[in-house]
>>> print(open('work21.cif').read())   # mmCIF, C-alpha atoms and all ligand atoms
data_structure
#
loop_
_atom_site.group_PDB
_atom_site.id
_atom_site.type_symbol
_atom_site.label_atom_id
_atom_site.label_comp_id
_atom_site.auth_asym_id
_atom_site.auth_seq_id
_atom_site.Cartn_x
_atom_site.Cartn_y
_atom_site.Cartn_z
ATOM 1 C CA MET A 82 133.664 33.334 114.380
ATOM 2 C CA PRO A 83 134.375 34.232 118.064
ATOM 3 C CA PRO A 84 131.343 35.015 120.268
ATOM 4 C CA PRO A 85 130.537 38.741 120.629
ATOM 5 C CA ALA A 86 132.518 40.138 123.547
ATOM 6 C CA THR A 87 131.988 42.727 126.229
ATOM 7 C CA LEU A 88 134.537 45.518 125.814
ATOM 8 C CA ILE A 89 135.623 46.871 129.202
ATOM 9 C CA LEU A 90 137.445 50.193 129.157
ATOM 10 C CA GLY A 91 139.593 49.596 132.193
ATOM 11 C CA GLY A 92 142.536 50.673 134.282
ATOM 12 C CA THR A 93 140.700 50.360 137.611
ATOM 13 C CA SER A 94 140.215 47.633 140.214
ATOM 14 C CA GLU A 95 136.480 47.601 139.401
ATOM 15 C CA ALA A 96 137.249 46.953 135.726
ATOM 16 C CA ARG A 97 139.484 44.022 136.682
ATOM 17 C CA GLU A 98 136.860 42.611 139.013
ATOM 18 C CA LEU A 99 134.165 42.951 136.343
ATOM 19 C CA ALA A 100 136.319 41.161 133.755
ATOM 20 C CA GLY A 101 136.984 38.328 136.217
ATOM 21 C CA ARG A 102 133.266 37.952 137.052
ATOM 22 C CA LEU A 103 132.180 37.890 133.388
ATOM 23 C CA VAL A 104 134.926 35.467 132.328
ATOM 24 C CA ALA A 105 133.981 33.195 135.253
ATOM 25 C CA ASP A 106 130.416 33.293 133.889
ATOM 26 C CA GLY A 107 131.749 31.946 130.576
ATOM 27 C CA LEU A 108 131.372 35.260 128.716
ATOM 28 C CA ALA A 109 133.856 36.649 126.211
ATOM 29 C CA VAL A 110 135.605 39.777 127.498
ATOM 30 C CA THR A 111 138.104 42.174 125.955
ATOM 31 C CA SER A 112 139.642 44.667 128.382
ATOM 32 C CA SER A 113 141.311 47.802 127.113
ATOM 33 C CA LEU A 114 144.108 49.533 129.031
ATOM 34 C CA ALA A 115 145.690 52.869 128.178
ATOM 35 C CA GLY A 116 149.227 51.570 128.727
ATOM 36 C CA ARG A 117 150.235 54.263 131.215
ATOM 37 C CA VAL A 118 151.412 51.951 133.987
ATOM 38 C CA ALA A 119 154.653 50.043 133.474
ATOM 39 C CA ASP A 120 153.550 46.778 135.074
ATOM 40 C CA PRO A 121 149.738 46.740 135.089
ATOM 41 C CA ALA A 122 147.721 44.100 136.930
ATOM 42 C CA LEU A 123 146.126 42.309 133.984
ATOM 43 C CA PRO A 124 142.430 41.354 134.023
ATOM 44 C CA ALA A 125 141.053 37.948 133.005
ATOM 45 C CA GLY A 126 140.113 37.469 129.353
ATOM 46 C CA THR A 127 141.619 39.180 126.318
ATOM 47 C CA VAL A 128 143.595 42.368 126.934
ATOM 48 C CA ARG A 129 144.500 45.081 124.437
ATOM 49 C CA ILE A 130 146.767 47.984 125.384
ATOM 50 C CA GLY A 131 147.037 51.523 124.007
ATOM 51 C CA GLY A 132 144.820 54.380 122.870
ATOM 52 C CA PHE A 133 142.333 53.871 120.035
ATOM 53 C CA GLY A 134 143.100 57.143 118.257
ATOM 54 C CA GLY A 135 140.261 59.288 119.592
ATOM 55 C CA PRO A 136 136.515 58.679 119.207
ATOM 56 C CA GLU A 137 136.957 57.874 115.504
ATOM 57 C CA GLY A 138 139.498 55.164 116.293
ATOM 58 C CA LEU A 139 137.246 53.666 118.958
ATOM 59 C CA THR A 140 134.291 53.765 116.535
ATOM 60 C CA ASP A 141 136.364 51.853 113.959
ATOM 61 C CA PHE A 142 137.376 49.330 116.614
ATOM 62 C CA LEU A 143 133.737 48.749 117.604
ATOM 63 C CA ARG A 144 132.733 48.263 113.957
ATOM 64 C CA ARG A 145 135.665 45.983 113.193
ATOM 65 C CA GLU A 146 135.726 43.734 116.267
ATOM 66 C CA PRO A 147 132.925 41.451 117.455
ATOM 67 C CA ILE A 148 131.928 43.681 120.382
ATOM 68 C CA ALA A 149 128.358 43.355 121.661
ATOM 69 C CA VAL A 150 128.347 45.846 124.547
ATOM 70 C CA VAL A 151 130.755 48.304 126.160
ATOM 71 C CA VAL A 152 131.328 49.059 129.845
ATOM 72 C CA ASP A 153 133.286 52.210 130.574
ATOM 73 C CA ALA A 154 134.884 51.286 133.904
ATOM 74 C CA THR A 155 137.724 53.802 133.653
ATOM 75 C CA HIS A 156 138.800 56.033 136.518
ATOM 76 C CA PRO A 157 136.394 58.890 137.394
ATOM 77 C CA PHE A 158 139.101 61.402 136.354
ATOM 78 C CA ALA A 159 139.767 59.768 132.961
ATOM 79 C CA ALA A 160 137.436 62.187 131.205
ATOM 80 C CA MET A 161 138.756 61.900 127.643
ATOM 81 C CA ILE A 162 138.246 58.183 127.197
ATOM 82 C CA SER A 163 134.775 58.430 128.787
ATOM 83 C CA ALA A 164 133.787 61.168 126.325
ATOM 84 C CA SER A 165 135.241 59.088 123.500
ATOM 85 C CA ALA A 166 133.171 56.086 124.594
ATOM 86 C CA VAL A 167 129.916 58.066 124.503
ATOM 87 C CA THR A 168 130.619 59.385 120.994
ATOM 88 C CA ALA A 169 131.933 56.090 119.566
ATOM 89 C CA CYS A 170 129.197 53.871 121.012
ATOM 90 C CA ALA A 171 126.531 56.213 119.625
ATOM 91 C CA ALA A 172 128.211 56.161 116.198
ATOM 92 C CA ALA A 173 128.704 52.363 116.134
ATOM 93 C CA GLY A 174 125.349 51.530 117.743
ATOM 94 C CA ALA A 175 126.947 49.695 120.679
ATOM 95 C CA PRO A 176 125.140 49.778 124.064
ATOM 96 C CA LEU A 177 127.266 51.584 126.667
ATOM 97 C CA LEU A 178 127.235 51.443 130.467
ATOM 98 C CA ARG A 179 129.245 53.715 132.762
ATOM 99 C CA LEU A 180 130.585 51.986 135.890
ATOM 100 C CA ALA A 181 131.930 54.638 138.271
ATOM 101 C CA ARG A 182 132.663 54.019 141.919
ATOM 102 C CA PRO A 183 130.985 56.440 144.337
ATOM 103 C CA GLY A 184 133.030 59.490 145.336
ATOM 104 C CA TRP A 185 133.960 60.479 148.884
ATOM 105 C CA ALA A 186 131.345 63.184 149.355
ATOM 106 C CA GLU A 187 129.494 60.908 151.811
ATOM 107 C CA HIS A 188 132.614 60.301 153.946
ATOM 108 C CA PRO A 189 131.863 61.348 157.564
ATOM 109 C CA ALA A 190 134.621 63.995 157.444
ATOM 110 C CA ALA A 191 133.832 65.323 153.944
ATOM 111 C CA GLY A 192 132.242 68.502 155.339
ATOM 112 C CA SER A 193 135.538 69.526 156.943
ATOM 113 C CA TRP A 194 137.564 69.228 153.723
ATOM 114 C CA GLN A 195 138.239 72.042 151.297
ATOM 115 C CA TRP A 196 136.662 71.079 147.969
ATOM 116 C CA VAL A 197 138.072 72.721 144.819
ATOM 117 C CA ASP A 198 137.328 72.488 141.101
ATOM 118 C CA SER A 199 140.823 72.249 139.650
ATOM 119 C CA TYR A 200 144.442 71.339 140.368
ATOM 120 C CA PRO A 201 145.605 74.992 140.291
ATOM 121 C CA ASP A 202 142.906 75.759 142.889
ATOM 122 C CA ALA A 203 144.136 72.794 144.938
ATOM 123 C CA ALA A 204 147.701 74.160 144.819
ATOM 124 C CA ARG A 205 146.526 77.582 146.037
ATOM 125 C CA ALA A 206 144.379 76.075 148.793
ATOM 126 C CA ALA A 207 147.126 73.729 149.999
ATOM 127 C CA GLY A 208 149.704 76.548 150.129
ATOM 128 C CA ALA A 209 147.339 78.640 152.222
ATOM 129 C CA LEU A 210 146.526 75.819 154.661
ATOM 130 C CA GLY A 211 149.983 74.535 155.571
ATOM 131 C CA CYS A 212 153.603 74.059 154.622
ATOM 132 C CA ARG A 213 154.214 70.277 154.619
ATOM 133 C CA ILE A 214 152.072 68.825 151.880
ATOM 134 C CA PHE A 215 151.234 65.209 150.996
ATOM 135 C CA LEU A 216 150.364 65.193 147.280
ATOM 136 C CA THR A 217 148.401 62.180 146.009
ATOM 137 C CA THR A 218 146.749 63.448 142.823
ATOM 138 C CA GLY A 219 148.908 61.474 140.370
ATOM 139 C CA ARG A 220 151.883 61.965 138.081
ATOM 140 C CA SER A 221 150.036 63.777 135.297
ATOM 141 C CA THR A 222 148.893 66.530 137.706
ATOM 142 C CA LEU A 223 152.289 67.481 139.175
ATOM 143 C CA ALA A 224 152.967 70.438 136.874
ATOM 144 C CA HIS A 225 149.982 72.252 138.448
ATOM 145 C CA PHE A 226 151.734 72.164 141.815
ATOM 146 C CA ALA A 227 155.177 73.318 140.624
ATOM 147 C CA ARG A 228 154.771 76.770 142.198
ATOM 148 C CA LEU A 229 153.210 75.483 145.395
ATOM 149 C CA GLU A 230 154.428 77.539 148.331
ATOM 150 C CA ALA A 231 155.499 74.899 150.827
ATOM 151 C CA SER A 232 158.656 73.958 152.657
ATOM 152 C CA TYR A 233 158.190 70.234 152.018
ATOM 153 C CA VAL A 234 156.142 68.234 149.509
ATOM 154 C CA LEU A 235 155.800 64.472 149.729
ATOM 155 C CA VAL A 236 154.549 63.018 146.424
ATOM 156 C CA ARG A 237 153.210 59.479 146.189
ATOM 157 C CA LEU A 238 153.250 57.858 142.735
ATOM 158 C CA VAL A 239 152.733 54.402 141.249
ATOM 159 C CA ASP A 240 155.314 54.779 138.480
ATOM 160 C CA PRO A 241 158.721 56.493 138.392
ATOM 161 C CA ILE A 242 158.785 60.179 137.613
ATOM 162 C CA ASP A 243 160.313 61.324 134.319
ATOM 163 C CA GLN A 244 160.537 65.061 135.024
ATOM 164 C CA PRO A 245 162.676 67.150 137.394
ATOM 165 C CA LEU A 246 160.884 68.188 140.580
ATOM 166 C CA PRO A 247 161.332 71.353 142.663
ATOM 167 C CA SER A 248 163.783 71.204 145.543
ATOM 168 C CA GLY A 249 162.137 70.266 148.812
ATOM 169 C CA TRP A 250 160.018 67.605 147.099
ATOM 170 C CA ARG A 251 160.388 63.934 147.962
ATOM 171 C CA VAL A 252 158.857 61.093 145.931
ATOM 172 C CA ILE A 253 157.736 57.766 147.298
ATOM 173 C CA ARG A 254 156.454 55.031 145.018
ATOM 174 C CA SER A 255 153.763 52.585 145.984
ATOM 175 C CA ARG A 256 150.483 51.143 144.813
ATOM 176 C CA GLY A 257 147.460 50.731 147.098
ATOM 177 C CA PRO A 258 145.530 49.389 148.838
ATOM 178 C CA TYR A 259 146.553 51.240 151.978
ATOM 179 C CA THR A 260 145.636 50.914 155.655
ATOM 180 C CA VAL A 261 144.676 53.649 158.127
ATOM 181 C CA GLU A 262 147.582 52.612 160.345
ATOM 182 C CA GLY A 263 150.075 52.804 157.471
ATOM 183 C CA GLU A 264 148.767 56.176 156.276
ATOM 184 C CA ARG A 265 148.809 57.572 159.821
ATOM 185 C CA SER A 266 152.388 56.535 160.363
ATOM 186 C CA LEU A 267 153.499 57.851 156.935
ATOM 187 C CA MET A 268 151.936 61.288 157.485
ATOM 188 C CA ALA A 269 153.237 61.497 161.075
ATOM 189 C CA LYS A 270 156.760 60.479 160.002
ATOM 190 C CA HIS A 271 156.871 63.238 157.364
ATOM 191 C CA GLY A 272 155.219 65.860 159.582
ATOM 192 C CA ILE A 273 152.447 66.403 157.015
ATOM 193 C CA ASP A 274 149.941 69.178 157.720
ATOM 194 C CA VAL A 275 147.960 69.161 154.420
ATOM 195 C CA LEU A 276 146.786 66.209 152.325
ATOM 196 C CA VAL A 277 145.877 66.906 148.689
ATOM 197 C CA THR A 278 143.781 64.344 146.862
ATOM 198 C CA LYS A 279 141.244 64.084 144.084
ATOM 199 C CA ASP A 280 137.804 62.576 144.638
ATOM 200 C CA SER A 281 138.763 59.168 143.248
ATOM 201 C CA GLY A 282 136.385 57.417 145.620
ATOM 202 C CA GLY A 283 136.418 53.750 146.596
ATOM 203 C CA GLU A 284 137.853 51.909 149.584
ATOM 204 C CA LEU A 285 141.399 51.151 148.452
ATOM 205 C CA THR A 286 142.821 54.644 148.867
ATOM 206 C CA ALA A 287 140.323 56.062 151.397
ATOM 207 C CA PRO A 288 142.399 55.238 154.542
ATOM 208 C CA LYS A 289 144.477 58.426 154.010
ATOM 209 C CA LEU A 290 141.320 60.458 154.647
ATOM 210 C CA THR A 291 140.596 58.734 157.955
ATOM 211 C CA ALA A 292 144.255 59.009 158.993
ATOM 212 C CA ALA A 293 144.281 62.732 158.110
ATOM 213 C CA GLY A 294 141.244 63.260 160.349
ATOM 214 C CA GLU A 295 142.944 61.478 163.240
ATOM 215 C CA LEU A 296 146.107 63.592 162.856
ATOM 216 C CA ASP A 297 144.290 66.929 162.321
ATOM 217 C CA VAL A 298 145.823 67.139 158.857
ATOM 218 C CA ARG A 299 143.848 69.522 156.623
ATOM 219 C CA VAL A 300 142.437 67.961 153.445
ATOM 220 C CA VAL A 301 142.048 69.520 149.979
ATOM 221 C CA VAL A 302 139.906 67.524 147.523
ATOM 222 C CA VAL A 303 139.632 68.132 143.769
ATOM 223 C CA ARG A 304 136.062 67.540 142.581
ATOM 224 C CA ARG A 305 135.374 65.062 139.771
ATOM 225 C CA PRO A 306 134.960 66.241 136.191
ATOM 226 C CA ALA A 307 131.342 66.413 135.047
ATOM 227 C CA ASP A 308 129.767 63.134 133.952
ATOM 228 C CA HIS A 309 129.240 62.655 130.243
ATOM 229 C CA VAL A 310 125.543 62.369 129.660
ATOM 230 C CA GLY A 311 124.769 59.620 127.197
ATOM 231 C CA ALA A 312 125.043 56.364 129.087
ATOM 232 C CA PRO A 313 123.246 54.750 132.005
ATOM 233 C CA GLN A 314 125.461 54.727 135.090
ATOM 234 C CA VAL A 315 125.970 52.228 137.915
ATOM 235 C CA SER A 316 128.319 52.355 140.883
ATOM 236 C CA THR A 317 128.890 48.673 141.672
ATOM 237 C CA VAL A 318 130.402 45.714 139.849
ATOM 238 C CA ASP A 319 127.294 43.653 140.741
ATOM 239 C CA ALA A 320 125.070 46.105 138.872
ATOM 240 C CA ALA A 321 127.418 46.097 135.877
ATOM 241 C CA VAL A 322 127.412 42.272 135.740
ATOM 242 C CA GLU A 323 123.624 42.322 135.797
ATOM 243 C CA TRP A 324 123.476 44.917 133.002
ATOM 244 C CA VAL A 325 125.856 42.897 130.784
ATOM 245 C CA ARG A 326 123.902 39.687 131.339
ATOM 246 C CA CYS A 327 120.665 41.493 130.635
ATOM 247 C CA MET A 328 121.993 43.041 127.423
ATOM 248 C CA LEU A 329 123.474 39.759 126.163
ATOM 249 C CA THR A 330 120.787 37.301 127.113
ATOM 250 C CA GLY A 331 117.634 39.308 127.761
ATOM 251 C CA PRO A 332 115.973 40.386 131.008
ATOM 252 C CA THR A 333 114.303 37.037 131.684
ATOM 253 C CA ASN A 334 117.676 35.424 132.421
ATOM 254 C CA VAL A 335 118.855 38.108 134.829
ATOM 255 C CA GLY A 336 119.283 36.659 138.304
ATOM 256 C CA SER A 337 118.977 33.076 137.082
ATOM 257 C CA GLY A 338 122.621 32.470 137.979
ATOM 258 C CA GLN A 339 123.448 31.239 134.451
HETATM 259 N N1 LIG B 1 143.177 59.706 135.731
HETATM 260 C C1 LIG B 1 143.465 59.020 136.834
HETATM 261 O O1 LIG B 1 143.603 59.570 137.916
HETATM 262 C C2 LIG B 1 143.597 57.528 136.782
HETATM 263 C C3 LIG B 1 143.821 56.821 137.971
HETATM 264 C C4 LIG B 1 143.912 55.431 137.932
HETATM 265 C C5 LIG B 1 143.778 54.776 136.738
HETATM 266 N N2 LIG B 1 143.558 55.495 135.595
HETATM 267 C C6 LIG B 1 143.404 54.762 134.330
HETATM 268 O O2 LIG B 1 144.452 55.165 133.504
HETATM 269 C C7 LIG B 1 143.997 55.309 132.165
HETATM 270 C C8 LIG B 1 144.435 56.653 131.618
HETATM 271 O O3 LIG B 1 143.847 57.673 132.431
HETATM 272 P P1 LIG B 1 143.832 59.172 131.919
HETATM 273 O O4 LIG B 1 143.326 60.003 133.019
HETATM 274 O O5 LIG B 1 145.109 59.484 131.231
HETATM 275 O O6 LIG B 1 142.676 59.045 130.815
HETATM 276 P P2 LIG B 1 142.125 60.093 129.758
HETATM 277 O O7 LIG B 1 142.755 61.415 129.962
HETATM 278 O O8 LIG B 1 140.654 59.988 129.757
HETATM 279 O O9 LIG B 1 142.635 59.435 128.400
HETATM 280 C C9 LIG B 1 143.623 59.981 127.560
HETATM 281 C C10 LIG B 1 143.741 59.064 126.379
HETATM 282 O O10 LIG B 1 144.297 57.805 126.774
HETATM 283 C C11 LIG B 1 143.662 56.743 126.074
HETATM 284 N N3 LIG B 1 142.970 55.873 127.032
HETATM 285 C C12 LIG B 1 142.568 56.168 128.294
HETATM 286 N N4 LIG B 1 142.036 55.112 128.874
HETATM 287 C C13 LIG B 1 142.088 54.111 127.969
HETATM 288 C C14 LIG B 1 141.707 52.758 127.997
HETATM 289 N N5 LIG B 1 141.154 52.204 129.100
HETATM 290 N N6 LIG B 1 141.906 52.009 126.867
HETATM 291 C C15 LIG B 1 142.473 52.555 125.763
HETATM 292 N N7 LIG B 1 142.864 53.842 125.686
HETATM 293 C C16 LIG B 1 142.678 54.600 126.788
HETATM 294 C C17 LIG B 1 142.703 57.388 125.106
HETATM 295 O O11 LIG B 1 143.455 57.574 123.902
HETATM 296 P P3 LIG B 1 142.754 57.624 122.473
HETATM 297 O O12 LIG B 1 142.046 58.928 122.416
HETATM 298 O O13 LIG B 1 143.890 57.488 121.530
HETATM 299 O O14 LIG B 1 141.791 56.458 122.408
HETATM 300 C C18 LIG B 1 142.394 58.696 125.774
HETATM 301 O O15 LIG B 1 141.960 59.710 124.890
HETATM 302 C C19 LIG B 1 142.502 55.107 132.170
HETATM 303 O O16 LIG B 1 142.231 53.859 131.564
HETATM 304 C C20 LIG B 1 142.110 55.114 133.632
HETATM 305 O O17 LIG B 1 141.083 54.182 133.925
HETATM 306 C C21 LIG B 1 143.476 56.843 135.601
#
>>> encode(input="work21.cif", output="structure tokens", more="lines below")
Ligand SMILES: NC(=O)c1ccc[n+]([C@@H]2O[C@H](COP(=O)([O-])OP(=O)(O)OC[C@H]3O[C@@H](n4cnc5c(N)ncnc54)[C@H](OP(=O)(O)O)[C@@H]3O)[C@@H](O)[C@H]2O)c1
Amino acid sequence: MPPPATLILGGTSEARELAGRLVADGLAVTSSLAGRVADPALPAGTVRIGGFGGPEGLTDFLRREPIAVVVDATHPFAAMISASAVTACAAAGAPLLRLARPGWAEHPAAGSWQWVDSYPDAARAAGALGCRIFLTTGRSTLAHFARLEASYVLVRLVDPIDQPLPSGWRVIRSRGPYTVEGERSLMAKHGIDVLVTKDSGGELTAPKLTAAGELDVRVVVVRRPADHVGAPQVSTVDAAVEWVRCMLTGPTNVGSGQ
């Protein structure tokens, strides 16, 4: 019988780091990826790929597999899987922790950005602010920007696009992390006057925000979806490691380094 594992709902750099830390501690880890990215960076430990089939499917998985605790370390905008985790963990009686990196609301320039609640609002705001747009909200959001009034749209994606795009749009493919220097030169080269992003948070993709400030590029930020109440939340991998250790071995061993 394998030892009970920590299930990490992943797809983020924090999820990968958490898996690596727990495996290095000698703990059993199963990471779950959605399977959206063609060539994902795989975390340490066991990896499963693909949806569970909604909250019911995840509940079945938790009952069937030797899972002791669950950490939802998915992206802050992956709202469906986070909701599924809350429902399934409650049904299966599995302890759940939410690990979500802090957003960019505390960034020094955040007060100068236009914050909106949805992608359609972001499209309207961007069209009103400028005409050469840098769109970094991800492949699944592009349809919301199809009627964006702009002379030029630069779209940055990780994976290839499988849908036709309006004329005047140009796609570049890359995966972070990025540097301020690289982001500054990219936006200057394309004559960008508006950057559109979602509040993903974290350090790896934040340099575009600093570069936009330096170039006087206006910034439109889509706010995060509401948190799903039902799980304690932490914002660092350290805190998640401590929670897992505490849940698996009891509070007296936390901080003992074992
Ligand atoms: N949204 C973003 O901007 C973004 C950015 C970077 C990385 N990611 C990562 O990409 C994945 C998909 O994001 P999304 O926004 O499409 O999520 P989503 O809308 O919350 O999820 C849609 C469906 O995909 C499946 N799914 C999502 N994450 C999964 C996981 N870690 N393991 C197994 N199944 C998963 C679930 O299918 P079932 O209902 O069938 O279980 C879920 O209902 C997430 O794991 C997320 O961490 C997302």
>>> residues_around(input="work21.cif", residues="range 137-149 of chain A", least_positions_apart="4", cutoff="10 Å", atoms="all atoms listed in the file", output="list of chain:residue names")
A:Met82, A:Pro83, A:Pro84, A:Pro85, A:Ala86, A:Thr87, A:Leu88, A:Ala109, A:Val110, A:Thr111, A:Gly132, A:Phe133, A:Ile162, A:Ser165, A:Ala166, A:Thr168, A:Ala169, A:Cys170, A:Ala171, A:Ala172, A:Ala173, A:Gly174, A:Ala175, A:Pro176, A:Leu177, A:Val325, A:Met328, A:Leu329
>>> residues_around(input="work21.cif", residues="range 212-218 of chain A", least_positions_apart="4", cutoff="6 Å", atoms="only C-alpha atoms", output="compact mmCIF listing (two decimals) with C-alpha atoms, in the coordinates of the input")
# COMPACT_ATOMS: atom_id res chain seq x y z
CA ALA A 231 155.50 74.90 150.83
CA SER A 232 158.66 73.96 152.66
CA TYR A 233 158.19 70.23 152.02
CA VAL A 234 156.14 68.23 149.51
CA LEU A 235 155.80 64.47 149.73
CA VAL A 236 154.55 63.02 146.42
CA ARG A 237 153.21 59.48 146.19
CA ILE A 273 152.45 66.40 157.01
CA ASP A 274 149.94 69.18 157.72
CA VAL A 275 147.96 69.16 154.42
CA LEU A 276 146.79 66.21 152.32
CA VAL A 277 145.88 66.91 148.69
CA THR A 278 143.78 64.34 146.86
CA LYS A 279 141.24 64.08 144.08
>>> resolve_selection(input="work21.cif", expression="the PyMOL selection byres (((not hetatm)) within 10 of (chain B and resi 1))", output="VMD selection string")
chain A and resid 88 to 96 112 to 118 128 to 140 153 to 166 217 to 222 239 279 to 281
>>> atom_distance(input="work21.cif", atom1="CA of Val261 in chain A", atom2="CA of Pro183 in chain A")
19.6 Å
>>> resolve_selection(input="work21.cif", expression="the PyMOL selection byres (((chain A and resi 186) around 12) and not hetatm)", output="PyMOL selection string")
chain A and resi 182-185+187-196+279-283+287+290+302-305
>>> closest_residue(input="work21.cif", among="A:Pro313, A:Gly126, A:Gly294, A:Pro247", to="Ala100 in chain A", atoms="only C-alpha atoms")
A:Gly126
>>> residues_around(input="work21.cif", residues="Asp319 in chain A", least_positions_apart="4", cutoff="12 Å", atoms="all atoms listed in the file", output="PyMOL selection string")
chain A and resi 95-96+98-103+180+182+315+323-326+335-336
>>> closest_residue(input="work21.cif", among="A:Pro288, A:Leu223, A:Ala269, A:Arg228", to="Val252 in chain A", atoms="all atoms listed in the file")
A:Leu223
>>> residues_around(input="work21.cif", residues="Ala207 in chain A", least_positions_apart="4", cutoff="7 Å", atoms="only C-alpha atoms", output="ChimeraX atom specification")
/A:203,211,275,301
>>> closest_residue(input="work21.cif", among="A:Ile253, A:Val104, A:Val300, A:Leu267", to="Val197 in chain A", atoms="only C-alpha atoms")
A:Val300
>>> atom_distance(input="work21.cif", atom1="CA of Asp240 in chain A", atom2="CA of Val298 in chain A")
25.7 Å
>>> atom_distance(input="work21.cif", atom1="CA of Gly272 in chain A", atom2="CA of Gly208 in chain A")
15.3 Å
>>> closest_residue(input="work21.cif", among="A:Arg179, A:Glu264, A:Ala125, A:Gly107", to="Val310 in chain A", atoms="all atoms listed in the file")
A:Arg179
>>> residues_around(input="work21.cif", residues="Glu262 in chain A", least_positions_apart="2", cutoff="10 Å", atoms="all atoms listed in the file", output="mmCIF file with C-alpha atoms, in the coordinates of the input")
data_model
loop_
_atom_site.group_PDB
_atom_site.id
_atom_site.type_symbol
_atom_site.label_atom_id
_atom_site.label_comp_id
_atom_site.auth_asym_id
_atom_site.auth_seq_id
_atom_site.Cartn_x
_atom_site.Cartn_y
_atom_site.Cartn_z
ATOM 1 C CA TYR A 259 146.553 51.240 151.978
ATOM 2 C CA THR A 260 145.636 50.914 155.655
ATOM 3 C CA GLU A 264 148.767 56.176 156.276
ATOM 4 C CA ARG A 265 148.809 57.572 159.821
ATOM 5 C CA SER A 266 152.388 56.535 160.363
ATOM 6 C CA LEU A 267 153.499 57.851 156.935
ATOM 7 C CA PRO A 288 142.399 55.238 154.542
ATOM 8 C CA LYS A 289 144.477 58.426 154.010
ATOM 9 C CA THR A 291 140.596 58.734 157.955
ATOM 10 C CA ALA A 292 144.255 59.009 158.993
#
>>> build_atoms(input="work21.cif", residues="range 220-224 of chain A", atoms="all heavy atoms", output="PDB file, in the frame of the given file")
ATOM      1  N   ARG A 220     150.730  61.434 138.823  1.00  0.00           N
ATOM      2  CA  ARG A 220     151.883  61.965 138.081  1.00  0.00           C
ATOM      3  C   ARG A 220     151.493  63.046 137.081  1.00  0.00           C
ATOM      4  O   ARG A 220     152.169  64.055 136.949  1.00  0.00           O
ATOM      5  CB  ARG A 220     152.549  60.783 137.355  1.00  0.00           C
ATOM      6  CG  ARG A 220     153.844  61.103 136.694  1.00  0.00           C
ATOM      7  CD  ARG A 220     154.491  59.858 136.140  1.00  0.00           C
ATOM      8  NE  ARG A 220     153.600  59.096 135.279  1.00  0.00           N
ATOM      9  CZ  ARG A 220     153.978  58.054 134.547  1.00  0.00           C
ATOM     10  NH1 ARG A 220     155.219  57.644 134.592  1.00  0.00           N
ATOM     11  NH2 ARG A 220     153.119  57.425 133.782  1.00  0.00           N
ATOM     12  N   SER A 221     150.382  62.847 136.372  1.00  0.00           N
ATOM     13  CA  SER A 221     150.036  63.777 135.297  1.00  0.00           C
ATOM     14  C   SER A 221     149.581  65.142 135.829  1.00  0.00           C
ATOM     15  O   SER A 221     149.421  66.082 135.060  1.00  0.00           O
ATOM     16  CB  SER A 221     148.933  63.185 134.414  1.00  0.00           C
ATOM     17  OG  SER A 221     147.761  63.024 135.188  1.00  0.00           O
ATOM     18  N   THR A 222     149.386  65.257 137.149  1.00  0.00           N
ATOM     19  CA  THR A 222     148.893  66.530 137.706  1.00  0.00           C
ATOM     20  C   THR A 222     150.023  67.372 138.311  1.00  0.00           C
ATOM     21  O   THR A 222     149.780  68.503 138.736  1.00  0.00           O
ATOM     22  CB  THR A 222     147.851  66.274 138.818  1.00  0.00           C
ATOM     23  OG1 THR A 222     148.522  65.730 139.973  1.00  0.00           O
ATOM     24  CG2 THR A 222     146.771  65.307 138.357  1.00  0.00           C
ATOM     25  N   LEU A 223     151.241  66.834 138.367  1.00  0.00           N
ATOM     26  CA  LEU A 223     152.289  67.481 139.175  1.00  0.00           C
ATOM     27  C   LEU A 223     152.640  68.889 138.709  1.00  0.00           C
ATOM     28  O   LEU A 223     152.954  69.756 139.527  1.00  0.00           O
ATOM     29  CB  LEU A 223     153.553  66.607 139.191  1.00  0.00           C
ATOM     30  CG  LEU A 223     153.407  65.268 139.929  1.00  0.00           C
ATOM     31  CD1 LEU A 223     154.737  64.546 139.957  1.00  0.00           C
ATOM     32  CD2 LEU A 223     152.862  65.471 141.332  1.00  0.00           C
ATOM     33  N   ALA A 224     152.581  69.120 137.392  1.00  0.00           N
ATOM     34  CA  ALA A 224     152.967  70.438 136.874  1.00  0.00           C
ATOM     35  C   ALA A 224     152.111  71.549 137.503  1.00  0.00           C
ATOM     36  O   ALA A 224     152.583  72.676 137.694  1.00  0.00           O
ATOM     37  CB  ALA A 224     152.816  70.461 135.353  1.00  0.00           C
TER      38      ALA A 224
END
